[in-house]
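Visitor: I have a structure here, written as structure tokens, and I will follow up with some questions on it.
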Amino acid sequence: MSTSFRHEPVLAAEVIDFLRPVLGRTIIDGTLGGGGHSSLLLKGGARVLAFDRDPEALAHTRAHLASHGELFTALEGNFAEAPGTLAGLGIQGVDGILLDLGVSSHQLDTPERGFSFQREGPLDMRMGNSGRTAADLVNTATASELARIFREYGDEPRAIQFAARIVRAREKKPLTTTTELAGLIAAGRQGPRHPATRVFQALRIAVNDEIGSLELALPAFAALLAPGGRMAVITFHSLEDRIVKHFFRRHSVAEVDDPTWPAPRPNPERLFNALTTRSVTASPTELASNPRSRSARLRVVERRPGGQPGATP
């Protein structure tokens, strides 16, 4: 694997402990990236079916993990499409699912991908090679739409101000580069956090429809889990974490209640046993060696006995 594709997977020990990769188990890695997690799952003996939208990452990781032979299969596509793809391959149930929703180090560190405001590059931000770019979005969206994106996907308190600034600037000339947009947002401000941090995060999420993909994938993947199978999701910002937390809670609480009922009732939507009562975060040792793990949150559930994979949650 090219050194640029070296990947230090976050919460690696915790993921392996929860997903229990051994010979005979099939595990989906829905966000292959640099292959760090997949490599560890394969070393445990599991069969790994991996997905990624980035053809470049797929090519390098396929070569890197080729020694595992038929135990490793890498397929191009958004993880939200994975259940349908697997059904087409005749796979109706799996023993584990991993979603690491962070951006790969390679994507962040490659200026041509346009993910980072710290290096000059085109305003792209696509995880694959199709669809609209960040430049398309910032140069065509209305001020109100941009403000909504910055607020909802970036928790940006100056969303309206930054959106208006972008609209004024693009009236003179289109915004085309990362440093151009970052400089416009910063506008002379100083501080420990670059003012464009949240704006770039929000644009990346919008360009790749990350929230929509997650909301589609969670119930579809839940239906793929065999009884006893486990789903682990690593998130990196509060909106993603809330979606995962609420989905897991909705389908794992034993009882539901309503003020109009005389007593709580069994939860008819219960699919899981929760294996993490709170999100798991990186240890001090991992934080020291991999600063990008500081925002990572891991939640894990296990499919309850009695259901069959393929049922609609």
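Going by the structure tokens order, chains are called A, B, ..., each with residues numbered from 1, while ligands are numbered from 1 in the order shown.
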Could you pull the residues within 9 Å of Val207 in chain A, counting only C-alpha atoms, minus those fewer than 4 positions along the same chain, as number ranges by chain?
Guide: A: 124-127, 131-134, 137, 202-203
Visitor: Taking only residues of range 35-150 of chain A that have an atom at most 8 Å from an atom of range 17-25 of chain A, what is each one's shortest atom pair and its distance in Å to one decimal, using only C-alpha atoms, in chain and number order, as CSV?
Guide:
```
residue,atom,partner,partner_atom,distance
A:Leu41,CA,A:Pro21,CA,5.5
A:Leu42,CA,A:Pro21,CA,7.4
A:Gly44,CA,A:Pro21,CA,5.0
A:Gly45,CA,A:Leu23,CA,4.4
A:Ala46,CA,A:Val22,CA,4.8
A:Arg47,CA,A:Arg25,CA,6.1
A:Val94,CA,A:Arg25,CA,7.5
A:Asp95,CA,A:Arg25,CA,5.8
A:Gly96,CA,A:Leu19,CA,6.0
A:Ile97,CA,A:Leu19,CA,7.9
```
Visitor: Taking the chain letters and numbering used in this document, name the residues of range 2-229 of chain A that DSSP puts in strand (DSSP E), as a list in words.
Guide: Thr26, Ile27, Ile28, Asp29, Arg47, Val48, Leu49, Ala50, Phe51, Asp52, Phe72, Thr73, Ala74, Leu75, Glu76, Val94, Asp95, Gly96, Ile97, Leu98, Leu99, Asp100, Leu225, Ala226, Pro227, Gly228 and Gly229 of chain A
Visitor: Name the residues of range 8-220 of chain A that come out as helix (DSSP H, G or I) in a backbone DSSP run; write them as a ChimeraX atom specification.
Guide: /A:12-19,36-43,55-64,66-71,79-88,105-109,111-113,134-140,143-154,159-170,178-186,197-207,210-220
Visitor: Counting only C-alpha atoms, which of A:Glu112, A:His246, A:Pro259, A:Arg230 gets nearest to Asn273 in chain A?
Guide: A:Arg230
Visitor: Out of A:Arg168, A:Gln118, A:Glu76, A:Arg270, which residue has the shortest atom-to-atom distance to Ala196 in chain A when counting only C-alpha atoms?
Guide: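 Ranking A:Arg168, A:Gln118, A:Glu76, A:Arg270 by distance to Ala196 in chain A, first place goes to A:Gln118.
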Visitor: Could you please determine the separation between CA of Val300 in chain A and CA of Phe72 in chain A in Å, to one decimal place?
Guide: 23.0 Å
Visitor: Give the answer as one residue: which of A:Ala159, A:Leu225, A:Ala169, A:Val301 has the shortest atom-to-atom distance to Asn139 in chain A, using only C-alpha atoms?
Guide: A:Ala169
Visitor: Just to confirm, what's the straight-line distance from CA of Phe272 in chain A to CA of Phe248 in chain A in Å (one decimal)?
Guide: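 Taking CA of Phe272 in chain A as the start and CA of Phe248 in chain A as the end point, the length is 7.5 Å.
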Visitor: Just the residues within 7 Å of Ala57 in chain A, please, counting only C-alpha atoms, with nothing from its chain fewer than 4 positions along; format it as number ranges by chain.
Guide: A: 33-34, 61
Visitor: Nearest to Gly84 in chain A: which of A:Val233, A:Ala274, A:Arg303, A:Leu224 is it, counting only C-alpha atoms?
Guide: A:Leu224
Visitor: Using only C-alpha atoms, pick whichever of A:Ile211, A:Leu181, A:Ala254, A:Val15 has the shortest atom-to-atom distance to Ser238 in chain A.
Guide: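 Checking each candidate against Ser238 in chain A, we get A:Ile211 as the closest.
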Visitor: Hey, which of A:His251, A:Asn129, A:Pro55, A:Thr140 ends up closest to Glu171 in chain A? Count only C-alpha atoms.
Guide: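 For Glu171 in chain A, the nearest of the given residues is A:Thr140.
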Visitor: Excluding Phe247 in chain A and any residue of its chain fewer than 5 positions from it, enumerate the residues within 9 Å of it, using only C-alpha atoms, and give them as a ChimeraX atom specification.
Guide: /A:215,218-219,242,252
